[in-house]
Amino acid sequence: MAHSTTNFNLDQKFDFTAALRKSIMTVLVIGAVLLAIGVITEMFGASHDHADEAGHAYHWYQRVFANLWINNVYFTGIAIIGVFFFALQYAAQAGWSVPILRIPLAFGSWLPIAFGLMVVTFFIANHDLFHWTHSYIFDKSHPEYDKIIDDKGGYFYWPMEKGSFPLFYVIRLFLFFGFWIFFFNKMKSLTLAEDIHGGTDYWRKMRTWSALFLVFFAVSSSISSWDWVMSIDTHWFSTLFGWYVFASWFVAGLSAITLIVIFLREKGYIEMVNENHVHDLGKLIFGFSIFWTYLWFSQFLLIYYANIPEESVYFVERMQSDVYSPFIFVNLVLNFFLPFLVLMTRDAKRHAIFLKVVCSLIILGHWFDFFLMVQPGTLRQHGGFGLMEAGMFLVYGASFTLVAMSALAKKPLITKNHPMLEESYHHHI
Amino acid sequence: MERDKNFILGVYDDEDVLLSAVTEVRESGVKIHEVYSPFPVHGLDEVLGYKRSRLPIAAFLFGMLGTTLALIMQFYMMKWDWPMIIGGKDYASLPTFIPVTFEMTVLLAAFGMVGVFMISSNLKPWGQPRIFDIRITDDKHVMAIDLATNAGLGEENISDVLKSSGATEVNKKSFE
């Protein structure tokens with residue numbers, strides 16, 4: 001046939017130019033400046049009204065820690081969703097996504113950095129982020145002894161004594177990151193070896209590894225969301241929380257993938273990718289935005305309807321708070337109404353301009369989702385969205401982009417020996 | 001000659017041949033009435049030059065109708081007709097209405113879309129679908145060409161075009 005993938009330069013590499021690097025660095029610096037201003041105003045500003053009703057003093061650095069934690073969890077999520085998306089395509093034997101596979105895979109390069117940040121933040125800030133790390137709540141003679149948390153204590157401290165070192169928790173943290181990074185490296189080395197040797201053997205091996213990863217990810221994504229996010233509100237629990245966090249990560253990750261695909265196309269790379277491939281990405285974003293809303297609403301409706309105090313306190317803290325209630329609507333508008341209404345038509349999913357706007361806003365919107373999961377439980381009425389939050393988000397976002405783009409620039413953009421490359425070229429919907 | 005009565009049919013064995021045949025036949029100036037195939041042939045609507053279906057618009061409108069009806073129904077029942085306190089909530093508590101509203105939206109969108117599709121493709125119960133060739137339900141693709149709309153071309157020419165485009169048979173078919 002006249003049209004074939006041989007017409008394209010399959011060895012093309014992404015040139016991460018100095019100019020591009022500089023503009024990302026500019027964003028990073030702007031973020032750092034905003035962050036610094038935010039920290040300084042918090043240090044000398046609003047923090048004079050010490051001691052909330054429980055008698056705990058509020059310090060400015062708690063807000064820094066909460067911000068670090070929001071971005072740690074959020075960008076870890078986007079990174080691991082890159083690996084997840086890659087694995088999903090192999091496990092499902094998908095053909096359409098072949099020319100964009102290296103883009104989500106590059107996100108995985110953030111994982112080692114995220115691991116370091118997560119561990120450091122946890123060990124520095126554990127008392128400020130997680131109420132359950134205080135040893136006195138496990139002490140029956142202490143006035144603040146907490147029976148409910150004491151009963152849950154084994155989940156954090158086993159096999160150590162409750163209130164000492166949270167060994168089980170830390171083991172899980174290391175285990176999840178360890179395996180995620182292991183699977184990421186495994187898939188990266190297989191896909192690069194396929195470039196050199198060709199054949200279908202690598203594709204088959206990748207399917208096996210992908211399936212193994214998906215099984216591990218199904219369990220680890222859920223448990224990590226309980227550990228890292230749900231345990232902040234230690235008394236409260238929600239059985240669908242793992243899927244809720246996963247859905248939030250997945251939509252944000254898909255939006256990041258789509259943005260980079262569109263960016264590369266506009267720069268003249270990955271010419272094989274046309275509006276049909278972009279349409280598929282748009283459909284995934286549309287569908288999973290609705291999935292996220294479904295989980296958000298399922299969690300909300302049951303708690304609202306049953307109105308059991310220990311459950312509804314979670315939404316009382318958010319919806320009846322002057323600080324956080326506006327963000328509930330920001331969250332729903334950006335993450336549901338916007339993608340639902342804008343991406344409903346076929347044309348919107350095929351034209352870059354709509355997707356660029358929607359994807360950028362979704363990435364922001366799901367940041368607000370994590371903001372609402374972390375800040376009310378850690379900062380109470382002292383939180384909010386200010387320069388510190390904006391700055392920290394920009395710093396993390398720019399760093400993530402730098403790492404992912406550098407990883408992308410190292411290897412050819414297209415898996416040229418993928419057995420379904422030709423199929424993907426003829427993809428048409 | 002009256003339209004929609006007398007047809008020339010090109011019968012094709014293979015969908016790839018059919019796809020290139022549609023292009024050839026249209027390029028030669030023959031207007032195609034319709035192509036029938038036993039399974040969806042990818043890209044056929046495109047080579048036939050069809051506009052995109054407006055069925056999604058019908059689905060959207062029926063969905064909106066479902067949303068509206070469901071909300072009106074629930075507000076009427078729960079707020080005005082027979083107010084009840086359930087779980088200590090307001091009579092009209094929107095969050096509890098959402099699941100029913102969602103289901104009604106989906107139901108009416110689906111029913112409406114199927115109904116519109118049935119009517120617009122003449123599969124309605126009171127319609128009488130015309131069978132051009134019984135083998136289109138088995139393994140043959142049939143291209144139907146209305147003689148009236150191609151009156152200037154002549155039957156011989158049309159059947160020559162069909163044969164040279166790869167048709168295995170060329171038949172005639174007339175309806176009452």
# chains A, B, ... in the order shown; residues from 1 in each chain; ligands from 1
>>> interface_residues(of="chain B", to="chain A", cutoff="10 Å", atoms="only C-alpha atoms", output="ChimeraX atom specification")
/B:42-43,56-57,60,86-89,95-96,98-99
>>> residues_around(residues="Phe132 of chain B", least_positions_apart="4", cutoff="9 Å", atoms="only C-alpha atoms", output="list in words")
Phe7, Leu9, Tyr36, Ile136, Val142, Ala144, Lys173 and Ser174 of chain B
>>> closest_residue(among="B:Val30, B:Leu65, B:Leu44, B:Leu55", to="Gly152 of chain B", atoms="only C-alpha atoms")
B:Val30
>>> closest_residue(among="A:Leu101, A:Ile137, A:Val229, A:Ile80", to="Ile270 of chain A", atoms="only C-alpha atoms")
A:Leu101
>>> select_by_dssp(residues="segment 30-142 of chain B", states="helix (DSSP H, G or I)", output="PyMOL selection string")
chain B and resi 44-47+55-81+94-120+134-137
>>> residues_around(residues="Phe288 of chain A", least_positions_apart="4", cutoff="8 Å", atoms="only C-alpha atoms", output="list of chain:residue names")
A:Ala247, A:Phe250, A:Val251, A:Leu284, A:Trp292
>>> atom_distance(atom1="atom CA of His418 of chain A", atom2="atom CA of Gly77 of chain A")
26.8 Å
>>> residues_around(residues="Ala58 of chain B", least_positions_apart="5", cutoff="8 Å", atoms="only C-alpha atoms", output="NGL selection string")
:B and (109 or 112-113 or 116)
>>> residues_around(residues="segment 154-170 of chain A", least_positions_apart="4", cutoff="12 Å", atoms="only C-alpha atoms", output="ChimeraX atom specification")
/A:115,118-120,122-123,126-127,130-140,145-146,148-150,174-178,223-224,226-228,231,234
>>> atom_distance(atom1="atom CA of Ile37 of chain A", atom2="atom CA of Gly386 of chain A")
10.1 Å
>>> residues_around(residues="segment 182-193 of chain A", least_positions_apart="5", cutoff="9 Å", atoms="only C-alpha atoms", output="ChimeraX atom specification")
/A:80,83,86-87,102,105-106,108-109,111,177,198,202-203,205-206,209-210,212-213,411,415,418
>>> closest_residue(among="B:Ser159, B:Ser28, B:Ser37, B:Thr23", to="Thr137 of chain B", atoms="only C-alpha atoms")
B:Ser37
>>> atom_distance(atom1="atom CA of Tyr76 of chain B", atom2="atom CA of Met64 of chain B")
18.1 Å
>>> residues_around(residues="Asn9 of chain A", least_positions_apart="2", cutoff="12 Å", atoms="only C-alpha atoms", output="NGL selection string")
:A and (4-7 or 11-14 or 99 or 268-272 or 412-416)
>>> write_last_selection(atoms="N, CA and C atoms", output="PDB file, in the first residue's frame")
ATOM      1  N   SER A   4       1.994   3.840   4.509  1.00  0.00           N
ATOM      2  CA  SER A   4       2.507   2.857   5.444  1.00  0.00           C
ATOM      3  C   SER A   4       3.383   3.564   6.450  1.00  0.00           C
ATOM      4  N   THR A   5       3.649   2.879   7.541  1.00  0.00           N
ATOM      5  CA  THR A   5       4.462   3.506   8.579  1.00  0.00           C
ATOM      6  C   THR A   5       5.886   3.754   8.108  1.00  0.00           C
ATOM      7  N   THR A   6       6.295   3.077   7.002  1.00  0.00           N
ATOM      8  CA  THR A   6       7.661   3.284   6.533  1.00  0.00           C
ATOM      9  C   THR A   6       7.881   4.701   6.013  1.00  0.00           C
ATOM     10  N   ASN A   7       6.770   5.433   5.770  1.00  0.00           N
ATOM     11  CA  ASN A   7       6.918   6.816   5.335  1.00  0.00           C
ATOM     12  C   ASN A   7       7.396   7.732   6.452  1.00  0.00           C
ATOM     13  N   ASP A  11      12.806   6.600  13.952  1.00  0.00           N
ATOM     14  CA  ASP A  11      13.888   6.734  14.923  1.00  0.00           C
ATOM     15  C   ASP A  11      13.936   8.136  15.521  1.00  0.00           C
ATOM     16  N   GLN A  12      12.901   8.927  15.177  1.00  0.00           N
ATOM     17  CA  GLN A  12      12.897  10.320  15.602  1.00  0.00           C
ATOM     18  C   GLN A  12      12.965  10.443  17.126  1.00  0.00           C
ATOM     19  N   LYS A  13      13.805  11.356  17.567  1.00  0.00           N
ATOM     20  CA  LYS A  13      13.912  11.616  19.001  1.00  0.00           C
ATOM     21  C   LYS A  13      13.389  12.996  19.300  1.00  0.00           C
ATOM     22  N   PHE A  14      12.866  13.124  20.514  1.00  0.00           N
ATOM     23  CA  PHE A  14      12.393  14.429  20.960  1.00  0.00           C
ATOM     24  C   PHE A  14      13.590  15.279  21.354  1.00  0.00           C
ATOM     25  N   PRO A  99       1.954   4.453  18.870  1.00  0.00           N
ATOM     26  CA  PRO A  99       2.933   5.541  18.720  1.00  0.00           C
ATOM     27  C   PRO A  99       3.030   6.481  19.911  1.00  0.00           C
ATOM     28  N   GLY A 268       5.778  19.008  15.578  1.00  0.00           N
ATOM     29  CA  GLY A 268       6.171  18.243  14.407  1.00  0.00           C
ATOM     30  C   GLY A 268       6.691  16.849  14.694  1.00  0.00           C
ATOM     31  N   TYR A 269       6.585  16.398  15.930  1.00  0.00           N
ATOM     32  CA  TYR A 269       6.992  15.021  16.240  1.00  0.00           C
ATOM     33  C   TYR A 269       5.805  14.089  16.051  1.00  0.00           C
ATOM     34  N   ILE A 270       6.066  12.799  16.282  1.00  0.00           N
ATOM     35  CA  ILE A 270       5.066  11.733  16.172  1.00  0.00           C
ATOM     36  C   ILE A 270       3.983  12.043  15.114  1.00  0.00           C
ATOM     37  N   GLU A 271       4.442  12.179  13.869  1.00  0.00           N
ATOM     38  CA  GLU A 271       3.500  12.494  12.780  1.00  0.00           C
ATOM     39  C   GLU A 271       2.460  11.407  12.578  1.00  0.00           C
ATOM     40  N   MET A 272       2.801  10.179  13.019  1.00  0.00           N
ATOM     41  CA  MET A 272       1.852   9.076  12.867  1.00  0.00           C
ATOM     42  C   MET A 272       0.557   9.307  13.619  1.00  0.00           C
ATOM     43  N   PRO A 412      14.183   7.043  21.308  1.00  0.00           N
ATOM     44  CA  PRO A 412      13.260   7.358  20.213  1.00  0.00           C
ATOM     45  C   PRO A 412      11.823   7.438  20.714  1.00  0.00           C
ATOM     46  N   LEU A 413      11.029   8.289  20.066  1.00  0.00           N
ATOM     47  CA  LEU A 413       9.673   8.523  20.552  1.00  0.00           C
ATOM     48  C   LEU A 413       8.729   7.368  20.267  1.00  0.00           C
ATOM     49  N   ILE A 414       9.050   6.588  19.240  1.00  0.00           N
ATOM     50  CA  ILE A 414       8.100   5.561  18.804  1.00  0.00           C
ATOM     51  C   ILE A 414       8.709   4.178  18.991  1.00  0.00           C
ATOM     52  N   THR A 415       7.903   3.259  19.508  1.00  0.00           N
ATOM     53  CA  THR A 415       8.342   1.865  19.645  1.00  0.00           C
ATOM     54  C   THR A 415       8.301   1.240  18.252  1.00  0.00           C
ATOM     55  N   LYS A 416       9.412   1.367  17.509  1.00  0.00           N
ATOM     56  CA  LYS A 416       9.350   1.105  16.067  1.00  0.00           C
ATOM     57  C   LYS A 416       9.161  -0.371  15.732  1.00  0.00           C
TER      58      LYS A 416
END
>>> closest_residue(among="A:Leu295, A:Met25, A:Ala92, A:Leu240", to="Arg204 of chain A", atoms="only C-alpha atoms")
A:Ala92
>>> select_by_dssp(residues="chain B", states="strand (DSSP E)", output="PyMOL selection string")
chain B and resi 6-12+34-36+141-146+169-174
>>> write_last_selection(atoms="N, CA and C atoms", output="PDB file, in the first residue's frame")
ATOM      1  N   ASN B   6     -37.086   1.155  -9.837  1.00  0.00           N
ATOM      2  CA  ASN B   6     -36.289   0.199 -10.604  1.00  0.00           C
ATOM      3  C   ASN B   6     -34.801   0.385 -10.319  1.00  0.00           C
ATOM      4  N   PHE B   7     -34.178  -0.732  -9.979  1.00  0.00           N
ATOM      5  CA  PHE B   7     -32.789  -0.652  -9.552  1.00  0.00           C
ATOM      6  C   PHE B   7     -31.909  -1.616 -10.336  1.00  0.00           C
ATOM      7  N   ILE B   8     -30.647  -1.231 -10.440  1.00  0.00           N
ATOM      8  CA  ILE B   8     -29.622  -2.179 -10.881  1.00  0.00           C
ATOM      9  C   ILE B   8     -28.781  -2.508  -9.653  1.00  0.00           C
ATOM     10  N   LEU B   9     -28.518  -3.779  -9.441  1.00  0.00           N
ATOM     11  CA  LEU B   9     -27.782  -4.182  -8.255  1.00  0.00           C
ATOM     12  C   LEU B   9     -26.425  -4.767  -8.638  1.00  0.00           C
ATOM     13  N   GLY B  10     -25.377  -4.246  -8.030  1.00  0.00           N
ATOM     14  CA  GLY B  10     -24.059  -4.867  -8.173  1.00  0.00           C
ATOM     15  C   GLY B  10     -23.805  -5.708  -6.931  1.00  0.00           C
ATOM     16  N   VAL B  11     -23.474  -6.994  -7.135  1.00  0.00           N
ATOM     17  CA  VAL B  11     -23.237  -7.888  -5.998  1.00  0.00           C
ATOM     18  C   VAL B  11     -21.736  -8.100  -5.841  1.00  0.00           C
ATOM     19  N   TYR B  12     -21.243  -7.888  -4.611  1.00  0.00           N
ATOM     20  CA  TYR B  12     -19.807  -8.003  -4.353  1.00  0.00           C
ATOM     21  C   TYR B  12     -19.551  -9.077  -3.289  1.00  0.00           C
ATOM     22  N   GLU B  34     -27.902   3.140  -2.406  1.00  0.00           N
ATOM     23  CA  GLU B  34     -27.547   2.654  -1.063  1.00  0.00           C
ATOM     24  C   GLU B  34     -26.695   1.400  -1.221  1.00  0.00           C
ATOM     25  N   VAL B  35     -25.890   1.115  -0.210  1.00  0.00           N
ATOM     26  CA  VAL B  35     -25.117  -0.129  -0.215  1.00  0.00           C
ATOM     27  C   VAL B  35     -25.551  -0.959   0.987  1.00  0.00           C
ATOM     28  N   TYR B  36     -25.816  -2.229   0.740  1.00  0.00           N
ATOM     29  CA  TYR B  36     -26.248  -3.126   1.819  1.00  0.00           C
ATOM     30  C   TYR B  36     -25.166  -4.162   2.076  1.00  0.00           C
ATOM     31  N   HIS B 141     -22.378  -8.377  -0.477  1.00  0.00           N
ATOM     32  CA  HIS B 141     -22.612  -6.939  -0.386  1.00  0.00           C
ATOM     33  C   HIS B 141     -23.311  -6.500  -1.665  1.00  0.00           C
ATOM     34  N   VAL B 142     -24.324  -5.655  -1.500  1.00  0.00           N
ATOM     35  CA  VAL B 142     -25.090  -5.252  -2.679  1.00  0.00           C
ATOM     36  C   VAL B 142     -25.107  -3.736  -2.785  1.00  0.00           C
ATOM     37  N   MET B 143     -24.755  -3.277  -3.995  1.00  0.00           N
ATOM     38  CA  MET B 143     -24.812  -1.849  -4.266  1.00  0.00           C
ATOM     39  C   MET B 143     -26.036  -1.589  -5.129  1.00  0.00           C
ATOM     40  N   ALA B 144     -26.952  -0.775  -4.613  1.00  0.00           N
ATOM     41  CA  ALA B 144     -28.199  -0.521  -5.346  1.00  0.00           C
ATOM     42  C   ALA B 144     -28.097   0.816  -6.059  1.00  0.00           C
ATOM     43  N   ILE B 145     -28.454   0.809  -7.354  1.00  0.00           N
ATOM     44  CA  ILE B 145     -28.398   2.037  -8.138  1.00  0.00           C
ATOM     45  C   ILE B 145     -29.762   2.287  -8.750  1.00  0.00           C
ATOM     46  N   ASP B 146     -30.307   3.448  -8.407  1.00  0.00           N
ATOM     47  CA  ASP B 146     -31.643   3.797  -8.883  1.00  0.00           C
ATOM     48  C   ASP B 146     -31.547   4.220 -10.347  1.00  0.00           C
ATOM     49  N   GLU B 169     -21.841 -10.210  -9.835  1.00  0.00           N
ATOM     50  CA  GLU B 169     -23.071 -10.317 -10.624  1.00  0.00           C
ATOM     51  C   GLU B 169     -23.651  -8.916 -10.753  1.00  0.00           C
ATOM     52  N   VAL B 170     -24.435  -8.723 -11.815  1.00  0.00           N
ATOM     53  CA  VAL B 170     -25.215  -7.501 -11.912  1.00  0.00           C
ATOM     54  C   VAL B 170     -26.654  -7.920 -12.197  1.00  0.00           C
ATOM     55  N   ASN B 171     -27.559  -7.546 -11.264  1.00  0.00           N
ATOM     56  CA  ASN B 171     -28.958  -7.960 -11.400  1.00  0.00           C
ATOM     57  C   ASN B 171     -29.856  -6.741 -11.496  1.00  0.00           C
ATOM     58  N   LYS B 172     -31.114  -7.033 -11.888  1.00  0.00           N
ATOM     59  CA  LYS B 172     -32.110  -5.961 -11.868  1.00  0.00           C
ATOM     60  C   LYS B 172     -33.154  -6.280 -10.801  1.00  0.00           C
ATOM     61  N   LYS B 173     -33.704  -5.223 -10.238  1.00  0.00           N
ATOM     62  CA  LYS B 173     -34.730  -5.457  -9.221  1.00  0.00           C
ATOM     63  C   LYS B 173     -35.732  -4.318  -9.299  1.00  0.00           C
ATOM     64  N   SER B 174     -37.020  -4.683  -9.333  1.00  0.00           N
ATOM     65  CA  SER B 174     -38.050  -3.651  -9.353  1.00  0.00           C
ATOM     66  C   SER B 174     -39.009  -3.863  -8.193  1.00  0.00           C
TER      67      SER B 174
END
>>> decode(residues="segment 54-100 of chain B", atoms="C-alpha atoms", output="PDB file, in the first residue's frame")
ATOM      1  CA  ARG B  54     -27.453  13.238  13.610  1.00  0.00           C
ATOM      2  CA  LEU B  55     -28.487  10.456  15.972  1.00  0.00           C
ATOM      3  CA  PRO B  56     -26.309  11.811  18.857  1.00  0.00           C
ATOM      4  CA  ILE B  57     -28.372  15.010  18.799  1.00  0.00           C
ATOM      5  CA  ALA B  58     -31.540  12.952  19.215  1.00  0.00           C
ATOM      6  CA  ALA B  59     -29.888  11.051  22.063  1.00  0.00           C
ATOM      7  CA  PHE B  60     -28.924  14.308  23.769  1.00  0.00           C
ATOM      8  CA  LEU B  61     -32.408  15.777  23.458  1.00  0.00           C
ATOM      9  CA  PHE B  62     -34.086  12.625  24.736  1.00  0.00           C
ATOM     10  CA  GLY B  63     -31.572  12.525  27.590  1.00  0.00           C
ATOM     11  CA  MET B  64     -32.441  16.100  28.525  1.00  0.00           C
ATOM     12  CA  LEU B  65     -36.108  15.180  28.379  1.00  0.00           C
ATOM     13  CA  GLY B  66     -35.412  12.289  30.764  1.00  0.00           C
ATOM     14  CA  THR B  67     -33.566  14.566  33.189  1.00  0.00           C
ATOM     15  CA  THR B  68     -36.395  17.088  33.150  1.00  0.00           C
ATOM     16  CA  LEU B  69     -39.174  14.546  33.556  1.00  0.00           C
ATOM     17  CA  ALA B  70     -37.384  12.742  36.370  1.00  0.00           C
ATOM     18  CA  LEU B  71     -36.816  15.942  38.324  1.00  0.00           C
ATOM     19  CA  ILE B  72     -40.362  17.178  37.786  1.00  0.00           C
ATOM     20  CA  MET B  73     -41.746  13.797  38.828  1.00  0.00           C
ATOM     21  CA  GLN B  74     -39.708  13.609  42.010  1.00  0.00           C
ATOM     22  CA  PHE B  75     -40.250  17.207  43.042  1.00  0.00           C
ATOM     23  CA  TYR B  76     -43.985  16.851  42.406  1.00  0.00           C
ATOM     24  CA  MET B  77     -44.264  13.616  44.381  1.00  0.00           C
ATOM     25  CA  MET B  78     -41.963  14.466  47.251  1.00  0.00           C
ATOM     26  CA  LYS B  79     -42.624  18.154  47.689  1.00  0.00           C
ATOM     27  CA  TRP B  80     -46.243  18.820  46.701  1.00  0.00           C
ATOM     28  CA  ASP B  81     -48.324  15.731  46.202  1.00  0.00           C
ATOM     29  CA  TRP B  82     -47.376  13.632  49.215  1.00  0.00           C
ATOM     30  CA  PRO B  83     -44.600  15.218  51.277  1.00  0.00           C
ATOM     31  CA  MET B  84     -42.655  12.737  53.344  1.00  0.00           C
ATOM     32  CA  ILE B  85     -39.752  13.122  55.696  1.00  0.00           C
ATOM     33  CA  ILE B  86     -37.191  10.441  54.919  1.00  0.00           C
ATOM     34  CA  GLY B  87     -34.038  10.175  56.967  1.00  0.00           C
ATOM     35  CA  GLY B  88     -34.596  13.648  58.377  1.00  0.00           C
ATOM     36  CA  LYS B  89     -33.965  15.281  55.019  1.00  0.00           C
ATOM     37  CA  ASP B  90     -35.903  18.116  53.397  1.00  0.00           C
ATOM     38  CA  TYR B  91     -38.927  17.152  51.342  1.00  0.00           C
ATOM     39  CA  ALA B  92     -37.092  18.200  48.231  1.00  0.00           C
ATOM     40  CA  SER B  93     -33.525  17.053  48.763  1.00  0.00           C
ATOM     41  CA  LEU B  94     -31.744  17.165  45.445  1.00  0.00           C
ATOM     42  CA  PRO B  95     -28.880  14.712  46.171  1.00  0.00           C
ATOM     43  CA  THR B  96     -31.326  11.884  46.784  1.00  0.00           C
ATOM     44  CA  PHE B  97     -33.015  12.609  43.456  1.00  0.00           C
ATOM     45  CA  ILE B  98     -29.829  12.229  41.451  1.00  0.00           C
ATOM     46  CA  PRO B  99     -29.797   8.406  41.062  1.00  0.00           C
ATOM     47  CA  VAL B 100     -33.359   8.320  39.729  1.00  0.00           C
TER      48      VAL B 100
END
